[in-house]
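**Q** Sharing work_34.tsv (TSV, C-alpha atoms) below.
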```tsv
chain	number	residue	atom	x	y	z
A	205	MET	CA	5.67	-14.98	7.50
A	206	ILE	CA	2.93	-17.59	7.50
A	207	THR	CA	0.35	-14.81	7.41
A	208	TRP	CA	1.70	-13.62	4.07
A	209	LEU	CA	1.61	-17.15	2.68
A	210	ILE	CA	-2.05	-17.38	3.65
A	211	ALA	CA	-3.03	-13.85	2.61
A	212	LEU	CA	-1.46	-13.76	-0.86
A	213	PRO	CA	-3.57	-16.60	-2.38
A	214	ILE	CA	-6.67	-15.04	-0.82
A	215	LEU	CA	-5.83	-11.67	-2.38
A	216	ALA	CA	-5.24	-13.36	-5.74
A	217	ALA	CA	-8.62	-15.13	-5.51
A	218	VAL	CA	-10.38	-11.88	-4.59
A	219	SER	CA	-8.72	-10.10	-7.52
A	220	ALA	CA	-9.80	-12.84	-9.91
A	221	GLY	CA	-13.33	-12.66	-8.52
A	222	ILE	CA	-13.43	-8.92	-9.10
A	223	VAL	CA	-12.32	-9.36	-12.71
A	224	VAL	CA	-15.03	-11.98	-13.32
A	225	GLU	CA	-17.70	-9.81	-11.66
A	226	LEU	CA	-16.71	-6.75	-13.71
A	227	ARG	CA	-16.96	-8.75	-16.93
A	228	ARG	CA	-20.39	-10.16	-16.07
A	229	HIS	CA	-22.01	-7.04	-14.62
A	230	PRO	CA	-19.96	-3.91	-15.32
A	231	ARG	CA	-22.19	-1.45	-13.47
A	232	GLY	CA	-22.94	-3.68	-10.49
A	233	GLY	CA	-19.34	-4.86	-10.38
A	234	ILE	CA	-18.07	-1.31	-10.06
A	235	ARG	CA	-20.43	-0.76	-7.14
A	236	ALA	CA	-19.15	-3.94	-5.50
A	237	VAL	CA	-15.55	-2.83	-5.98
A	238	LYS	CA	-16.34	0.58	-4.48
A	239	VAL	CA	-17.91	-1.05	-1.42
A	240	LEU	CA	-14.95	-3.42	-1.08
A	241	ASN	CA	-12.49	-0.53	-1.35
A	242	LEU	CA	-14.43	1.42	1.28
A	243	LEU	CA	-14.32	-1.58	3.63
A	244	LEU	CA	-10.60	-2.01	3.04
A	245	LEU	CA	-10.03	1.70	3.70
A	246	LEU	CA	-11.98	1.51	6.96
A	247	GLY	CA	-10.04	-1.60	7.98
A	248	ALA	CA	-6.74	0.10	7.21
A	249	GLY	CA	-7.82	3.10	9.25
A	250	VAL	CA	-8.64	0.88	12.20
A	251	LEU	CA	-5.24	-0.80	11.91
A	252	VAL	CA	-3.47	2.57	11.80
A	253	ILE	CA	-5.35	3.73	14.89
A	254	LEU	CA	-4.55	0.49	16.72
A	255	ALA	CA	-0.89	0.68	15.74
A	256	ALA	CA	-0.62	4.30	16.82
A	257	SER	CA	-2.30	3.74	20.18
A	258	ALA	CA	-0.70	0.40	21.08
A	259	SER	CA	1.97	0.18	23.70
A	260	PRO	CA	5.21	-1.69	22.95
A	261	SER	CA	5.09	-5.44	23.45
A	262	ALA	CA	7.28	-7.27	25.95
A	263	ALA	CA	9.71	-8.26	23.20
A	264	ALA	CA	10.06	-4.68	21.97
A	265	THR	CA	10.84	-3.08	25.34
A	266	GLY	CA	14.60	-3.53	24.87
A	267	THR	CA	17.09	-0.86	23.85
A	268	ALA	CA	16.22	-1.13	20.15
A	269	ALA	CA	12.66	0.03	20.79
A	270	ALA	CA	13.86	2.92	22.91
A	271	ALA	CA	16.17	4.15	20.16
A	272	LYS	CA	13.40	4.66	17.57
A	273	PRO	CA	10.06	5.33	19.26
A	274	TYR	CA	8.47	6.91	16.14
A	275	ALA	CA	9.37	4.29	13.52
A	276	GLY	CA	5.71	3.59	12.65
A	277	GLN	CA	4.94	7.23	11.98
A	278	ALA	CA	7.99	7.47	9.73
A	279	LEU	CA	6.70	4.57	7.62
A	280	ILE	CA	3.27	6.19	7.28
A	281	GLY	CA	4.99	9.43	6.28
A	282	ALA	CA	7.03	7.59	3.65
A	283	ALA	CA	3.85	6.08	2.18
A	284	ILE	CA	2.25	9.52	1.99
A	285	ALA	CA	5.38	10.88	0.31
A	286	VAL	CA	5.24	8.12	-2.32
A	287	ALA	CA	1.60	9.00	-3.01
A	288	TYR	CA	2.40	12.69	-3.48
A	289	THR	CA	5.35	11.89	-5.75
A	290	GLY	CA	3.18	9.72	-7.98
A	291	SER	CA	0.39	12.27	-8.26
A	292	ALA	CA	2.84	15.08	-9.02
A	293	ALA	CA	4.48	12.95	-11.72
A	294	LEU	CA	1.10	12.23	-13.32
A	295	ALA	CA	0.25	15.92	-13.28
A	296	ALA	CA	3.56	16.77	-14.97
A	297	ILE	CA	3.06	14.08	-17.61
A	298	SER	CA	-0.47	15.24	-18.38
A	299	GLU	CA	0.74	18.79	-19.05
A	300	ARG	CA	3.98	17.88	-20.84
A	301	PRO	CA	4.12	14.31	-22.22
A	302	GLU	CA	7.83	14.65	-22.98
A	303	MET	CA	8.45	14.68	-19.17
A	304	PHE	CA	7.50	11.00	-18.95
A	305	GLY	CA	11.04	9.68	-18.56
A	306	ARG	CA	12.07	12.15	-15.87
A	307	ALA	CA	8.84	11.75	-13.92
A	308	MET	CA	9.03	7.96	-13.96
A	309	VAL	CA	12.57	8.07	-12.57
A	310	PHE	CA	11.35	9.88	-9.46
A	311	VAL	CA	8.33	7.62	-9.08
A	312	GLY	CA	10.53	4.55	-9.59
A	313	LEU	CA	12.95	5.67	-6.91
A	314	ALA	CA	10.14	6.25	-4.44
A	315	GLU	CA	8.50	2.93	-5.27
A	316	GLY	CA	11.82	1.12	-4.99
A	317	ILE	CA	12.32	2.49	-1.51
A	318	ALA	CA	8.77	1.43	-0.60
A	319	ILE	CA	9.36	-2.10	-1.91
A	320	TYR	CA	12.66	-2.41	-0.04
A	321	GLY	CA	10.89	-1.24	3.11
A	322	LEU	CA	8.17	-3.84	2.60
A	323	VAL	CA	10.74	-6.61	2.13
A	324	VAL	CA	12.61	-5.57	5.29
A	325	ALA	CA	9.35	-5.41	7.22
A	326	ILE	CA	8.43	-8.93	6.10
A	327	ILE	CA	11.87	-10.20	7.11
A	328	LEU	CA	11.59	-8.54	10.53
A	329	ILE	CA	8.08	-9.88	11.06
A	330	GLY	CA	9.33	-13.35	10.15
A	331	LYS	CA	12.08	-13.14	12.78
A	332	ALA	CA	9.75	-11.93	15.54
```
Take the structure in this file and express it as structure tokens.
**A**
Amino acid sequence: MITWLIALPILAAVSAGIVVELRRHPRGGIRAVKVLNLLLLLGAGVLVILAASASPSAAATGTAAAAKPYAGQALIGAAIAVAYTGSAALAAISERPEMFGRAMVFVGLAEGIAIYGLVVAIILIGKA
């Protein structure tokens, strides 16, 4: 839990810095944001590879870990499903603007599930 308390102000400061840089130098700022996004994507890829290849820790070798050995892959699959839902909703809205309400319901449901999953993950990390 302490990691989140440290990381959130840092993320807010980085976001504010990006806004300032984009206002000062729009073209150079966009390049900086692209490089930062690429670095974040590479870092996320490394974390996914490490999480997929890691063996269970000593605390997780109990019966709870044996019951759900593929929990991490299910979370990654849920994130991919949320991404596809959002892109499909945007495509539907671009072709038929009157579909906005229906499309946003599906996106909202998927995002709500993702947020609940994030909250539960933070709670579980805090208890570990």
**Q** Calculate how many Å separate CA of Gly290 (chain A) from CA of Val311 (chain A), rounding to one decimal.
**A**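 Distance between the two atoms: 5.7 Å.
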**Q** May I have the residues within 12 Å of Ile280 (chain A) as a count of residues only, using all atoms listed in the file and disregarding those fewer than 6 positions away in the same chain?
**A** 12
**Q** Counting only C-alpha atoms, find the residues whose atoms lie at most 12 Å from (5.5, 7.8, -6.6) (file coordinates) and write them out as a VMD selection string.
**A** chain A and resid 282 to 295 307 to 319
**Q** To one decimal in Å, tell me the separation between CA of Val323 (chain A) and CA of Gly221 (chain A).
**A** 27.0 Å
**Q** Report as lines of an AutoDock Vina configuration file the centre and the edge lengths, in Å to one decimal, of the axis-aligned box holding every listed atom of region 237-250 of chain A, padded by 4 Å on each side.
**A**
```
center_x = -12.3
center_y = -0.2
center_z = 3.1
size_x = 19.2
size_y = 14.5
size_z = 26.2
```
**Q** Mind pulling up the distance from CA of Val237 (chain A) to CA of Val218 (chain A)?
**A**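 CA of Val237 (chain A) lies 10.5 Å from CA of Val218 (chain A).
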